[in-house]
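Heads up: the structure comes next, in structure tokens.
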Amino acid sequence: MMAQTKMLMGTVVEYKELMMMYACAIKEVRTKFDVLNTEFKIRYQRNPISSISTRLKRTASITDKLERQNFPFSLESIEKNVNDVAGIRVICSYIDDIYTIAEAFLRQDDVTLIAQKDYIAHPKPNGYRSLHLIISIPVFFADRKKDMKVEVQIRTIAMDFWASLEHQLKYKQEIPNQPEIISQLKECAEIINATDEKMLDIRHQIEEIADAPTE
Ligand code: GTP
Ligand code: MG
């Protein structure tokens with residue numbers, strides 16, 4: 001019993017340490033996007049990133065995910081199988097900024113791309129749009145360097161607005177008119193996309209006027 005408790009306590013300490021490492025990985029990645037935003041602002045007189053939010057996956061969500069997919073309960077298993085313990089969401093104003101920022105981020109030689117899902121080029125059937133990257137970056141600690149995985153979601157303000165409303169649907173068990181709501185959301189996603197594309201087009205037109213040589 002004592003030995004068991006000791007083992008469990010040891011695991012708790014190691015678990016806390018692992019979560020601390022994920023939290024540090026988030027800081028590293030956040031700084032990279034902050035830097036890109038700052039540089040872009042000087043160069044093009046506007047911010048491509050409108051906001052950044054981060055989250056560390058809750059323990060209950062981590063264990064749920066392991067259980068759902070029949071993965072073992074261990075720290076190694078979390079690191080190997082749960083790609084979204086560390087999450088960062090980068091919200092851009094325009095669709096082209098998403099790709100500009102993503103490419104500049106992925107070009108950095110300490111960033112390793114593990115997986116990419118382009119739900120903008122290929123939206124989900126429900127209308128969800130976003131660019132997802134699973135990356136790994138080295139984080140330097142006092143006595144070691146450790147590669148940590150981070151999930152990056154990059155989307156426009158409008159896509160984010162849509163996703164937050166659609167997300168609420170997942171938490172409602174029984175909704176009368178669910179098919180109707182799903183189809184309304186889908187319709188909204190198309191309208192939002194058309195607006196995102198139109199906004200980009202207008203911005204391009206304005207930039208052309210601004211760039212035209214004056215006599
Ligand atoms: P999990 O859903 O986290 O198990 O990952 P996955 O393997 O299905 O990966 P995917 O890249 O498809 O989704 C990762 C995350 O993107 C999710 O956890 C959500 O935060 C977000 N996401 C994906 N699909 C949707 C969607 O249809 N609606 C909303 N609101 N968010 C979504
Ligand atoms: Mg997730």
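Identifiers for the structure tokens are assigned positionally: chains receive A, B, ... in sequence, residues are indexed from 1 per chain, and ligands are indexed from 1 in the order shown.
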Exercise for the section: Please identify the residues whose atoms come within 6 Å of ligand 1, using only C-alpha atoms and all ligand atoms, and report them as a ChimeraX atom specification. Expected result: /A:128,132,163-164,166-167
Who sits within 12 Å of A:Ile26, only C-alpha atoms, same chain under 2 positions skipped, as a PDB file with all heavy atoms, in the first residue's frame:
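The resulting result01.pdb:
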ATOM      1  N   MET A  19       2.968  18.683 -17.541  1.00  0.00           N
ATOM      2  CA  MET A  19       2.033  19.769 -17.869  1.00  0.00           C
ATOM      3  C   MET A  19       2.763  21.117 -17.880  1.00  0.00           C
ATOM      4  O   MET A  19       2.481  21.979 -18.707  1.00  0.00           O
ATOM      5  CB  MET A  19       0.866  19.807 -16.871  1.00  0.00           C
ATOM      6  CG  MET A  19      -0.091  18.640 -17.002  1.00  0.00           C
ATOM      7  SD  MET A  19      -0.785  18.467 -18.677  1.00  0.00           S
ATOM      8  CE  MET A  19      -0.235  16.827 -19.106  1.00  0.00           C
ATOM      9  N   MET A  20       3.709  21.278 -16.950  1.00  0.00           N
ATOM     10  CA  MET A  20       4.523  22.493 -16.918  1.00  0.00           C
ATOM     11  C   MET A  20       5.301  22.630 -18.235  1.00  0.00           C
ATOM     12  O   MET A  20       5.397  23.705 -18.811  1.00  0.00           O
ATOM     13  CB  MET A  20       5.467  22.421 -15.707  1.00  0.00           C
ATOM     14  CG  MET A  20       6.507  23.518 -15.595  1.00  0.00           C
ATOM     15  SD  MET A  20       7.981  23.258 -16.589  1.00  0.00           S
ATOM     16  CE  MET A  20       8.778  21.912 -15.721  1.00  0.00           C
ATOM     17  N   MET A  21       5.804  21.499 -18.733  1.00  0.00           N
ATOM     18  CA  MET A  21       6.572  21.529 -19.983  1.00  0.00           C
ATOM     19  C   MET A  21       5.685  21.917 -21.169  1.00  0.00           C
ATOM     20  O   MET A  21       6.107  22.662 -22.045  1.00  0.00           O
ATOM     21  CB  MET A  21       7.216  20.169 -20.223  1.00  0.00           C
ATOM     22  CG  MET A  21       8.361  19.913 -19.266  1.00  0.00           C
ATOM     23  SD  MET A  21       8.934  18.222 -19.396  1.00  0.00           S
ATOM     24  CE  MET A  21      10.401  18.332 -18.390  1.00  0.00           C
ATOM     25  N   TYR A  22       4.451  21.400 -21.171  1.00  0.00           N
ATOM     26  CA  TYR A  22       3.514  21.778 -22.228  1.00  0.00           C
ATOM     27  C   TYR A  22       3.198  23.274 -22.132  1.00  0.00           C
ATOM     28  O   TYR A  22       3.101  23.960 -23.147  1.00  0.00           O
ATOM     29  CB  TYR A  22       2.223  20.961 -22.140  1.00  0.00           C
ATOM     30  CG  TYR A  22       2.320  19.596 -22.787  1.00  0.00           C
ATOM     31  CD1 TYR A  22       2.216  18.431 -22.038  1.00  0.00           C
ATOM     32  CD2 TYR A  22       2.488  19.490 -24.175  1.00  0.00           C
ATOM     33  CE1 TYR A  22       2.293  17.183 -22.643  1.00  0.00           C
ATOM     34  CE2 TYR A  22       2.563  18.240 -24.787  1.00  0.00           C
ATOM     35  CZ  TYR A  22       2.466  17.091 -24.013  1.00  0.00           C
ATOM     36  OH  TYR A  22       2.534  15.866 -24.623  1.00  0.00           O
ATOM     37  N   ALA A  23       3.038  23.764 -20.892  1.00  0.00           N
ATOM     38  CA  ALA A  23       2.743  25.190 -20.704  1.00  0.00           C
ATOM     39  C   ALA A  23       3.899  26.040 -21.242  1.00  0.00           C
ATOM     40  O   ALA A  23       3.677  27.089 -21.855  1.00  0.00           O
ATOM     41  CB  ALA A  23       2.501  25.489 -19.225  1.00  0.00           C
ATOM     42  N   CYS A  24       5.123  25.569 -21.054  1.00  0.00           N
ATOM     43  CA  CYS A  24       6.291  26.293 -21.564  1.00  0.00           C
ATOM     44  C   CYS A  24       6.342  26.240 -23.092  1.00  0.00           C
ATOM     45  O   CYS A  24       6.714  27.221 -23.745  1.00  0.00           O
ATOM     46  CB  CYS A  24       7.578  25.737 -20.962  1.00  0.00           C
ATOM     47  SG  CYS A  24       7.701  26.076 -19.203  1.00  0.00           S
ATOM     48  N   GLU A  28       6.573  29.358 -25.820  1.00  0.00           N
ATOM     49  CA  GLU A  28       7.525  29.460 -26.932  1.00  0.00           C
ATOM     50  C   GLU A  28       6.797  29.743 -28.242  1.00  0.00           C
ATOM     51  O   GLU A  28       7.185  30.612 -29.017  1.00  0.00           O
ATOM     52  CB  GLU A  28       8.302  28.141 -27.095  1.00  0.00           C
ATOM     53  CG  GLU A  28       9.198  27.785 -25.934  1.00  0.00           C
ATOM     54  CD  GLU A  28      10.577  28.430 -26.018  1.00  0.00           C
ATOM     55  OE1 GLU A  28      10.842  29.154 -26.998  1.00  0.00           O
ATOM     56  OE2 GLU A  28      11.371  28.198 -25.085  1.00  0.00           O
ATOM     57  N   VAL A  29       5.737  28.982 -28.480  1.00  0.00           N
ATOM     58  CA  VAL A  29       5.011  29.114 -29.751  1.00  0.00           C
ATOM     59  C   VAL A  29       4.297  30.464 -29.799  1.00  0.00           C
ATOM     60  O   VAL A  29       4.298  31.142 -30.827  1.00  0.00           O
ATOM     61  CB  VAL A  29       4.033  27.937 -29.950  1.00  0.00           C
ATOM     62  CG1 VAL A  29       3.162  28.156 -31.172  1.00  0.00           C
ATOM     63  CG2 VAL A  29       4.805  26.627 -30.078  1.00  0.00           C
ATOM     64  N   ARG A  30       3.731  30.866 -28.692  1.00  0.00           N
ATOM     65  CA  ARG A  30       3.049  32.153 -28.643  1.00  0.00           C
ATOM     66  C   ARG A  30       4.006  33.292 -29.004  1.00  0.00           C
ATOM     67  O   ARG A  30       3.676  34.191 -29.778  1.00  0.00           O
ATOM     68  CB  ARG A  30       2.458  32.379 -27.245  1.00  0.00           C
ATOM     69  CG  ARG A  30       1.569  33.569 -27.221  1.00  0.00           C
ATOM     70  CD  ARG A  30       1.146  33.976 -25.821  1.00  0.00           C
ATOM     71  NE  ARG A  30       0.249  35.089 -25.980  1.00  0.00           N
ATOM     72  CZ  ARG A  30      -1.046  35.060 -25.704  1.00  0.00           C
ATOM     73  NH1 ARG A  30      -1.587  33.999 -25.198  1.00  0.00           N
ATOM     74  NH2 ARG A  30      -1.789  36.100 -25.948  1.00  0.00           N
ATOM     75  N   THR A  31       5.210  33.205 -28.445  1.00  0.00           N
ATOM     76  CA  THR A  31       6.213  34.239 -28.732  1.00  0.00           C
ATOM     77  C   THR A  31       6.549  34.284 -30.220  1.00  0.00           C
ATOM     78  O   THR A  31       6.704  35.361 -30.795  1.00  0.00           O
ATOM     79  CB  THR A  31       7.484  33.996 -27.888  1.00  0.00           C
ATOM     80  OG1 THR A  31       7.121  34.049 -26.512  1.00  0.00           O
ATOM     81  CG2 THR A  31       8.556  35.037 -28.175  1.00  0.00           C
ATOM     82  N   LYS A  32       6.627  33.108 -30.840  1.00  0.00           N
ATOM     83  CA  LYS A  32       6.926  33.075 -32.273  1.00  0.00           C
ATOM     84  C   LYS A  32       5.861  33.831 -33.076  1.00  0.00           C
ATOM     85  O   LYS A  32       6.190  34.592 -33.995  1.00  0.00           O
ATOM     86  CB  LYS A  32       7.020  31.626 -32.763  1.00  0.00           C
ATOM     87  CG  LYS A  32       8.303  30.928 -32.316  1.00  0.00           C
ATOM     88  CD  LYS A  32       8.332  29.507 -32.804  1.00  0.00           C
ATOM     89  CE  LYS A  32       9.638  28.806 -32.429  1.00  0.00           C
ATOM     90  NZ  LYS A  32      10.814  29.403 -33.121  1.00  0.00           N
ATOM     91  N   PHE A  33       4.598  33.632 -32.716  1.00  0.00           N
ATOM     92  CA  PHE A  33       3.535  34.335 -33.434  1.00  0.00           C
ATOM     93  C   PHE A  33       3.534  35.826 -33.093  1.00  0.00           C
ATOM     94  O   PHE A  33       3.290  36.666 -33.958  1.00  0.00           O
ATOM     95  CB  PHE A  33       2.174  33.683 -33.157  1.00  0.00           C
ATOM     96  CG  PHE A  33       1.981  32.390 -33.899  1.00  0.00           C
ATOM     97  CD1 PHE A  33       2.023  31.170 -33.235  1.00  0.00           C
ATOM     98  CD2 PHE A  33       1.791  32.392 -35.279  1.00  0.00           C
ATOM     99  CE1 PHE A  33       1.872  29.975 -33.929  1.00  0.00           C
ATOM    100  CE2 PHE A  33       1.643  31.198 -35.981  1.00  0.00           C
ATOM    101  CZ  PHE A  33       1.679  29.983 -35.304  1.00  0.00           C
ATOM    102  N   ILE A  52      -4.551  36.073 -30.023  1.00  0.00           N
ATOM    103  CA  ILE A  52      -4.017  34.731 -29.793  1.00  0.00           C
ATOM    104  C   ILE A  52      -4.574  34.229 -28.474  1.00  0.00           C
ATOM    105  O   ILE A  52      -4.588  34.973 -27.498  1.00  0.00           O
ATOM    106  CB  ILE A  52      -2.467  34.760 -29.697  1.00  0.00           C
ATOM    107  CG1 ILE A  52      -1.840  35.245 -31.014  1.00  0.00           C
ATOM    108  CG2 ILE A  52      -1.915  33.383 -29.317  1.00  0.00           C
ATOM    109  CD1 ILE A  52      -0.316  35.375 -30.963  1.00  0.00           C
ATOM    110  N   SER A  53      -5.071  33.000 -28.468  1.00  0.00           N
ATOM    111  CA  SER A  53      -5.466  32.438 -27.176  1.00  0.00           C
ATOM    112  C   SER A  53      -4.822  31.062 -27.034  1.00  0.00           C
ATOM    113  O   SER A  53      -4.499  30.402 -28.021  1.00  0.00           O
ATOM    114  CB  SER A  53      -6.983  32.362 -27.050  1.00  0.00           C
ATOM    115  OG  SER A  53      -7.506  31.542 -28.061  1.00  0.00           O
ATOM    116  N   THR A  54      -4.592  30.664 -25.804  1.00  0.00           N
ATOM    117  CA  THR A  54      -3.932  29.391 -25.568  1.00  0.00           C
ATOM    118  C   THR A  54      -4.689  28.621 -24.498  1.00  0.00           C
ATOM    119  O   THR A  54      -5.421  29.203 -23.713  1.00  0.00           O
ATOM    120  CB  THR A  54      -2.487  29.605 -25.061  1.00  0.00           C
ATOM    121  OG1 THR A  54      -2.518  30.273 -23.803  1.00  0.00           O
ATOM    122  CG2 THR A  54      -1.669  30.417 -26.039  1.00  0.00           C
ATOM    123  N   ARG A  55      -4.502  27.302 -24.524  1.00  0.00           N
ATOM    124  CA  ARG A  55      -5.087  26.507 -23.441  1.00  0.00           C
ATOM    125  C   ARG A  55      -4.299  25.211 -23.244  1.00  0.00           C
ATOM    126  O   ARG A  55      -3.745  24.651 -24.178  1.00  0.00           O
ATOM    127  CB  ARG A  55      -6.568  26.225 -23.701  1.00  0.00           C
ATOM    128  CG  ARG A  55      -6.888  25.195 -24.790  1.00  0.00           C
ATOM    129  CD  ARG A  55      -7.321  23.873 -24.159  1.00  0.00           C
ATOM    130  NE  ARG A  55      -7.577  22.833 -25.147  1.00  0.00           N
ATOM    131  CZ  ARG A  55      -6.661  22.092 -25.726  1.00  0.00           C
ATOM    132  NH1 ARG A  55      -5.384  22.303 -25.459  1.00  0.00           N
ATOM    133  NH2 ARG A  55      -6.991  21.144 -26.588  1.00  0.00           N
ATOM    134  N   LEU A  56      -4.263  24.812 -21.983  1.00  0.00           N
ATOM    135  CA  LEU A  56      -3.660  23.538 -21.626  1.00  0.00           C
ATOM    136  C   LEU A  56      -4.832  22.590 -21.410  1.00  0.00           C
ATOM    137  O   LEU A  56      -5.776  22.931 -20.696  1.00  0.00           O
ATOM    138  CB  LEU A  56      -2.862  23.728 -20.327  1.00  0.00           C
ATOM    139  CG  LEU A  56      -1.807  22.708 -19.973  1.00  0.00           C
ATOM    140  CD1 LEU A  56      -0.733  22.616 -21.057  1.00  0.00           C
ATOM    141  CD2 LEU A  56      -1.155  23.082 -18.640  1.00  0.00           C
ATOM    142  N   LYS A  57      -4.787  21.432 -22.041  1.00  0.00           N
ATOM    143  CA  LYS A  57      -5.911  20.501 -21.942  1.00  0.00           C
ATOM    144  C   LYS A  57      -6.096  20.054 -20.488  1.00  0.00           C
ATOM    145  O   LYS A  57      -5.136  19.741 -19.803  1.00  0.00           O
ATOM    146  CB  LYS A  57      -5.625  19.282 -22.831  1.00  0.00           C
ATOM    147  CG  LYS A  57      -6.851  18.514 -23.279  1.00  0.00           C
ATOM    148  CD  LYS A  57      -6.435  17.406 -24.237  1.00  0.00           C
ATOM    149  CE  LYS A  57      -7.623  16.679 -24.831  1.00  0.00           C
ATOM    150  NZ  LYS A  57      -8.409  17.495 -25.764  1.00  0.00           N
ATOM    151  N   ASP A  84      -2.962  17.312 -28.632  1.00  0.00           N
ATOM    152  CA  ASP A  84      -3.489  18.646 -28.340  1.00  0.00           C
ATOM    153  C   ASP A  84      -3.495  18.979 -26.845  1.00  0.00           C
ATOM    154  O   ASP A  84      -4.367  19.683 -26.368  1.00  0.00           O
ATOM    155  CB  ASP A  84      -4.894  18.803 -28.936  1.00  0.00           C
ATOM    156  CG  ASP A  84      -5.909  17.840 -28.308  1.00  0.00           C
ATOM    157  OD1 ASP A  84      -5.484  16.875 -27.657  1.00  0.00           O
ATOM    158  OD2 ASP A  84      -7.118  18.075 -28.471  1.00  0.00           O
ATOM    159  N   VAL A  85      -2.503  18.469 -26.114  1.00  0.00           N
ATOM    160  CA  VAL A  85      -2.389  18.863 -24.695  1.00  0.00           C
ATOM    161  C   VAL A  85      -2.110  20.365 -24.642  1.00  0.00           C
ATOM    162  O   VAL A  85      -2.729  21.104 -23.880  1.00  0.00           O
ATOM    163  CB  VAL A  85      -1.265  18.080 -23.984  1.00  0.00           C
ATOM    164  CG1 VAL A  85      -1.110  18.580 -22.553  1.00  0.00           C
ATOM    165  CG2 VAL A  85      -1.548  16.581 -23.999  1.00  0.00           C
ATOM    166  N   ALA A  86      -1.174  20.795 -25.481  1.00  0.00           N
ATOM    167  CA  ALA A  86      -0.889  22.232 -25.597  1.00  0.00           C
ATOM    168  C   ALA A  86      -1.600  22.755 -26.835  1.00  0.00           C
ATOM    169  O   ALA A  86      -1.428  22.220 -27.924  1.00  0.00           O
ATOM    170  CB  ALA A  86       0.615  22.453 -25.721  1.00  0.00           C
ATOM    171  N   GLY A  87      -2.418  23.768 -26.663  1.00  0.00           N
ATOM    172  CA  GLY A  87      -3.164  24.310 -27.795  1.00  0.00           C
ATOM    173  C   GLY A  87      -3.022  25.816 -27.902  1.00  0.00           C
ATOM    174  O   GLY A  87      -3.030  26.524 -26.896  1.00  0.00           O
ATOM    175  N   ILE A  88      -2.847  26.269 -29.136  1.00  0.00           N
ATOM    176  CA  ILE A  88      -2.792  27.719 -29.363  1.00  0.00           C
ATOM    177  C   ILE A  88      -3.682  28.055 -30.551  1.00  0.00           C
ATOM    178  O   ILE A  88      -3.694  27.324 -31.547  1.00  0.00           O
ATOM    179  CB  ILE A  88      -1.329  28.210 -29.542  1.00  0.00           C
ATOM    180  CG1 ILE A  88      -1.275  29.716 -29.848  1.00  0.00           C
ATOM    181  CG2 ILE A  88      -0.603  27.450 -30.625  1.00  0.00           C
ATOM    182  CD1 ILE A  88       0.079  30.336 -29.556  1.00  0.00           C
ATOM    183  N   ARG A  89      -4.456  29.106 -30.419  1.00  0.00           N
ATOM    184  CA  ARG A  89      -5.360  29.523 -31.483  1.00  0.00           C
ATOM    185  C   ARG A  89      -4.962  30.932 -31.924  1.00  0.00           C
ATOM    186  O   ARG A  89      -4.898  31.845 -31.105  1.00  0.00           O
ATOM    187  CB  ARG A  89      -6.794  29.501 -30.968  1.00  0.00           C
ATOM    188  CG  ARG A  89      -7.834  29.653 -32.046  1.00  0.00           C
ATOM    189  CD  ARG A  89      -9.225  29.373 -31.498  1.00  0.00           C
ATOM    190  NE  ARG A  89      -9.479  27.958 -31.290  1.00  0.00           N
ATOM    191  CZ  ARG A  89     -10.383  27.483 -30.406  1.00  0.00           C
ATOM    192  NH1 ARG A  89     -11.077  28.303 -29.650  1.00  0.00           N
ATOM    193  NH2 ARG A  89     -10.562  26.177 -30.298  1.00  0.00           N
ATOM    194  N   ILE A 135       2.620  20.546 -34.423  1.00  0.00           N
ATOM    195  CA  ILE A 135       4.063  20.769 -34.583  1.00  0.00           C
ATOM    196  C   ILE A 135       4.777  20.298 -33.329  1.00  0.00           C
ATOM    197  O   ILE A 135       4.162  20.048 -32.295  1.00  0.00           O
ATOM    198  CB  ILE A 135       4.395  22.250 -34.860  1.00  0.00           C
ATOM    199  CG1 ILE A 135       3.923  23.172 -33.715  1.00  0.00           C
ATOM    200  CG2 ILE A 135       3.776  22.715 -36.165  1.00  0.00           C
ATOM    201  CD1 ILE A 135       5.015  23.593 -32.790  1.00  0.00           C
ATOM    202  N   SER A 136       6.080  20.228 -33.455  1.00  0.00           N
ATOM    203  CA  SER A 136       6.884  19.948 -32.273  1.00  0.00           C
ATOM    204  C   SER A 136       8.020  20.966 -32.220  1.00  0.00           C
ATOM    205  O   SER A 136       8.557  21.353 -33.265  1.00  0.00           O
ATOM    206  CB  SER A 136       7.347  18.487 -32.348  1.00  0.00           C
ATOM    207  OG  SER A 136       8.684  18.369 -31.995  1.00  0.00           O
ATOM    208  N   ILE A 137       8.297  21.459 -31.015  1.00  0.00           N
ATOM    209  CA  ILE A 137       9.421  22.401 -30.845  1.00  0.00           C
ATOM    210  C   ILE A 137      10.243  21.989 -29.627  1.00  0.00           C
ATOM    211  O   ILE A 137       9.701  21.473 -28.650  1.00  0.00           O
ATOM    212  CB  ILE A 137       8.973  23.870 -30.623  1.00  0.00           C
ATOM    213  CG1 ILE A 137       7.913  23.953 -29.533  1.00  0.00           C
ATOM    214  CG2 ILE A 137       8.540  24.555 -31.873  1.00  0.00           C
ATOM    215  CD1 ILE A 137       7.998  25.269 -28.802  1.00  0.00           C
ATOM    216  N   PRO A 138      11.549  22.257 -29.706  1.00  0.00           N
ATOM    217  CA  PRO A 138      12.386  21.957 -28.541  1.00  0.00           C
ATOM    218  C   PRO A 138      12.197  23.045 -27.486  1.00  0.00           C
ATOM    219  O   PRO A 138      12.141  24.221 -27.810  1.00  0.00           O
ATOM    220  CB  PRO A 138      13.805  22.002 -29.107  1.00  0.00           C
ATOM    221  CG  PRO A 138      13.725  22.874 -30.316  1.00  0.00           C
ATOM    222  CD  PRO A 138      12.320  22.792 -30.835  1.00  0.00           C
ATOM    223  N   VAL A 139      12.061  22.628 -26.235  1.00  0.00           N
ATOM    224  CA  VAL A 139      11.994  23.590 -25.135  1.00  0.00           C
ATOM    225  C   VAL A 139      13.196  23.305 -24.234  1.00  0.00           C
ATOM    226  O   VAL A 139      13.493  22.149 -23.931  1.00  0.00           O
ATOM    227  CB  VAL A 139      10.674  23.456 -24.353  1.00  0.00           C
ATOM    228  CG1 VAL A 139      10.579  24.536 -23.282  1.00  0.00           C
ATOM    229  CG2 VAL A 139       9.471  23.563 -25.290  1.00  0.00           C
ATOM    230  N   MET A 148       8.456  19.146 -27.600  1.00  0.00           N
ATOM    231  CA  MET A 148       7.072  19.134 -27.145  1.00  0.00           C
ATOM    232  C   MET A 148       6.128  19.375 -28.323  1.00  0.00           C
ATOM    233  O   MET A 148       6.401  20.204 -29.192  1.00  0.00           O
ATOM    234  CB  MET A 148       6.830  20.240 -26.102  1.00  0.00           C
ATOM    235  CG  MET A 148       7.756  20.224 -24.889  1.00  0.00           C
ATOM    236  SD  MET A 148       7.641  18.748 -23.857  1.00  0.00           S
ATOM    237  CE  MET A 148       5.930  18.732 -23.378  1.00  0.00           C
ATOM    238  N   LYS A 149       5.000  18.667 -28.305  1.00  0.00           N
ATOM    239  CA  LYS A 149       3.998  18.845 -29.369  1.00  0.00           C
ATOM    240  C   LYS A 149       3.036  19.971 -29.004  1.00  0.00           C
ATOM    241  O   LYS A 149       2.634  20.102 -27.846  1.00  0.00           O
ATOM    242  CB  LYS A 149       3.178  17.571 -29.532  1.00  0.00           C
ATOM    243  CG  LYS A 149       3.873  16.448 -30.277  1.00  0.00           C
ATOM    244  CD  LYS A 149       2.870  15.313 -30.447  1.00  0.00           C
ATOM    245  CE  LYS A 149       3.562  14.003 -30.770  1.00  0.00           C
ATOM    246  NZ  LYS A 149       2.641  12.860 -30.610  1.00  0.00           N
ATOM    247  N   VAL A 150       2.651  20.720 -29.998  1.00  0.00           N
ATOM    248  CA  VAL A 150       1.657  21.786 -29.793  1.00  0.00           C
ATOM    249  C   VAL A 150       0.665  21.762 -30.960  1.00  0.00           C
ATOM    250  O   VAL A 150       1.070  21.596 -32.119  1.00  0.00           O
ATOM    251  CB  VAL A 150       2.334  23.189 -29.715  1.00  0.00           C
ATOM    252  CG1 VAL A 150       1.300  24.294 -29.570  1.00  0.00           C
ATOM    253  CG2 VAL A 150       3.347  23.251 -28.569  1.00  0.00           C
ATOM    254  N   GLU A 151      -0.613  21.896 -30.641  1.00  0.00           N
ATOM    255  CA  GLU A 151      -1.631  22.014 -31.690  1.00  0.00           C
ATOM    256  C   GLU A 151      -1.881  23.488 -31.963  1.00  0.00           C
ATOM    257  O   GLU A 151      -2.180  24.251 -31.049  1.00  0.00           O
ATOM    258  CB  GLU A 151      -2.948  21.346 -31.264  1.00  0.00           C
ATOM    259  CG  GLU A 151      -4.018  21.448 -32.356  1.00  0.00           C
ATOM    260  CD  GLU A 151      -5.401  20.953 -31.901  1.00  0.00           C
ATOM    261  OE1 GLU A 151      -6.102  21.723 -31.206  1.00  0.00           O
ATOM    262  OE2 GLU A 151      -5.772  19.825 -32.241  1.00  0.00           O
ATOM    263  N   VAL A 152      -1.749  23.863 -33.227  1.00  0.00           N
ATOM    264  CA  VAL A 152      -1.971  25.256 -33.616  1.00  0.00           C
ATOM    265  C   VAL A 152      -3.203  25.325 -34.514  1.00  0.00           C
ATOM    266  O   VAL A 152      -3.290  24.598 -35.502  1.00  0.00           O
ATOM    267  CB  VAL A 152      -0.748  25.822 -34.389  1.00  0.00           C
ATOM    268  CG1 VAL A 152      -0.948  27.287 -34.727  1.00  0.00           C
ATOM    269  CG2 VAL A 152       0.543  25.627 -33.592  1.00  0.00           C
TER     270      VAL A 152
END
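Taking atom CA of A:Ala121 and atom CA of A:Lys65 as endpoints, the distance between them is 27.3 Å.
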Exercise for the section: May I ask for the distance between atom CA of A:Ile49 and atom CA of A:Ile154, given in Å to one decimal place? Expected result: 9.6 Å
Problem - atom CA of A:Leu185 to atom CA of A:Gly127, straight-line distance in Å - result: 7.4 Å
